[in-house]
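To keep things clear, I will list the structure first and then write my remarks on it.
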Amino acid sequence: MFRPTLSAPDDRLASSPRRVRFWAASLVASSLTFLGCSSEPEVGQLSGQDCLVIVLDALSADHLGSYGGHPEASPTLDTLAANGVRFEQAWSQSSWTLASTASLMTGLYQESHMVDAAGQALHPEASTLAEAFRMEGYECIGLTQNLFASDDFGIGQGFDKFVTMMQEAKKDGFMAKAVIKQLEGQGSRGPRFVYAHFRRPHAPYDPPAEVLDMFQSAPYSGPITGTPKDLHNHNKGIVTMGPNDLRHLRALYDAGIRAVDDELKTIFESIDMDNTMVIVVSDHGDAFAQHGILGHGTTSFEEMVHIPMLVAHPSLGQGSQVETPVMSVDLLPTVAELFGLSTEGVALAGRSLVPELTGASQDPRLVFTSSRVDQGNQQFAVFDGRHKLITCPDQDKRVLYDLRKDPGETKNLASADPSLADRLEQEIADWRARQSPLQRLSAKRLKHESQNAMKALGYFGDE
């Protein structure tokens, strides 16, 4: 649903010496803008070390403390940011899980890998990050609590083992234990690439009661419980949420972030952080009626595509903040350069962010994103570092924002500056024309229990 007429935004340590050093560093790193590195990293300098990529499903950047969100929501991630590199303006390549995860794994836009609808799967011709790691002798393990980020949709391509844990998605601490198990014993085994896709803070927003108490200043007695059905009913106009309902919904969501943040604390205190590159990112954000919509997938507004991106390793920048716009498709070429992985013959949409990770800069460029195709009224967006244009070709509509002055996307400038809107719209058209789409591939038929698990996350039906 495209809503160019906008409403006003909402109101708003471990036993290992290595781990002690890592977490104690936050006491000083948080007060520094950039410590830098003694020299630029060489290609492959992290070869032989572990790589951990963590995806927190449906996490909007502006809900983390280090991005201006609730200070109690993300102490572990804020510490990671203080010890690593935080990308201030990171964009997901799409506003829903399947397409954006495929982009992260392949370094390709949705318009090239063609995993653009719920019934599609990643084509085997696509080259993945896991395949690149395996070519270098890495053991590759995937752990996921969302079937859209699973082997049923081709996301497990290249992994030695890809485990779906849908039934354990509500068991607090279960995922953390699984991640730790895969990364323990580093000195007695070969190097590993571990991909861990957490369900939280994705709906249903169901945090532990004791955590929720941290985010609610007053009891709530209304009907909203944070289920996917609540979100669907609002978006369909069946239920209209008032300020108290939305405030409660945000509290549930922020408490879910804190719950998974506590799991990450357990992980980071248990693994060898000196010899593991850690990347934390999201597949997309979640909306809280900033533009009339709840949830994700349907638009390209900031609340759905602006994601956190944190990278930490002792050899990289500590406590630095990168303002240059980046994309999730940049992660594959970045990791490939640091670990010496081959990308020969692979056409990548992104570029390596190693310069930014070491305090340097690169020439500015346009970044792009798009919504899913099977919800109707697909949107495309481009950002030039200041101005953002969103187009909806199905409705022949467009909106233009100056994100420097208007980060909440409340004032449409398309009529006031039609020449800029025309230029950026042509950039979108040229970008779409440059894509080399792979053949569409149908996903595996889901088992009954898998369909029920997906339905519980709000993907099928009205649940």
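Each chain in the structure tokens gets a letter, A, B and so on, in the order shown; residues start at 1 in every chain, and ligands are counted from 1 in the order they appear.
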Go through stretch 266-359 of chain A residue by residue and, counting only C-alpha atoms, keep those with an atom at most 9 Å from stretch 387-393 of chain A; for each kept residue give the shortest atom pair and its distance in Å to one decimal, ordered by chain and increasing number, as CSV.
residue,atom,partner,partner_atom,distance
A:Thr299,CA,A:Ile390,CA,8.9
A:Ser300,CA,A:Ile390,CA,6.9
A:Phe301,CA,A:Ile390,CA,7.9
Q: Report as a ChimeraX atom specification: the residues of stretch 237-426 of chain A with a DSSP assignment of helix (DSSP H, G or I), based on the backbone of this structure.
A: /A:243-268,273-275,302-305,328-339,354-357,393-395,418-426
For A:Glu72, the closest of A:Pro325, A:Gly295, A:Gly256, A:Pro407 counting only C-alpha atoms is A:Gly256
| message | List as JSON, numbers by chain the protein and nucleic acid residues near A:Asp394, meaning an atom at most 10 Å away when only C-alpha atoms are counted, but skip any in the same chain fewer than 3 places from it. | response | {"A": [2, 376, 377, 378, 379, 391, 397]}
Next, write the just-selected residues to a file, as a CSV table (one decimal), in the first residue's frame, keeping C-alpha atoms as the atom set.
chain,number,residue,atom,x,y,z
A,2,PHE,CA,1.6,3.3,-1.1
A,376,GLY,CA,1.0,-5.4,-5.3
A,377,ASN,CA,2.1,-1.8,-5.8
A,378,GLN,CA,5.8,-2.6,-5.7
A,379,GLN,CA,8.1,0.3,-4.7
A,391,THR,CA,8.5,5.4,-6.9
A,397,LYS,CA,3.3,7.9,-8.0
Any chance you could list, as number ranges by chain, the residues in stretch 342-407 of chain A that come up strand (DSSP E or B) when DSSP is run on the backbone? A: 367-370, 380-383, 387-392, 397-402
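Taking atom CA of A:Leu246 and atom CA of A:Ser221 as the two end points, the separation is 12.7 Å.
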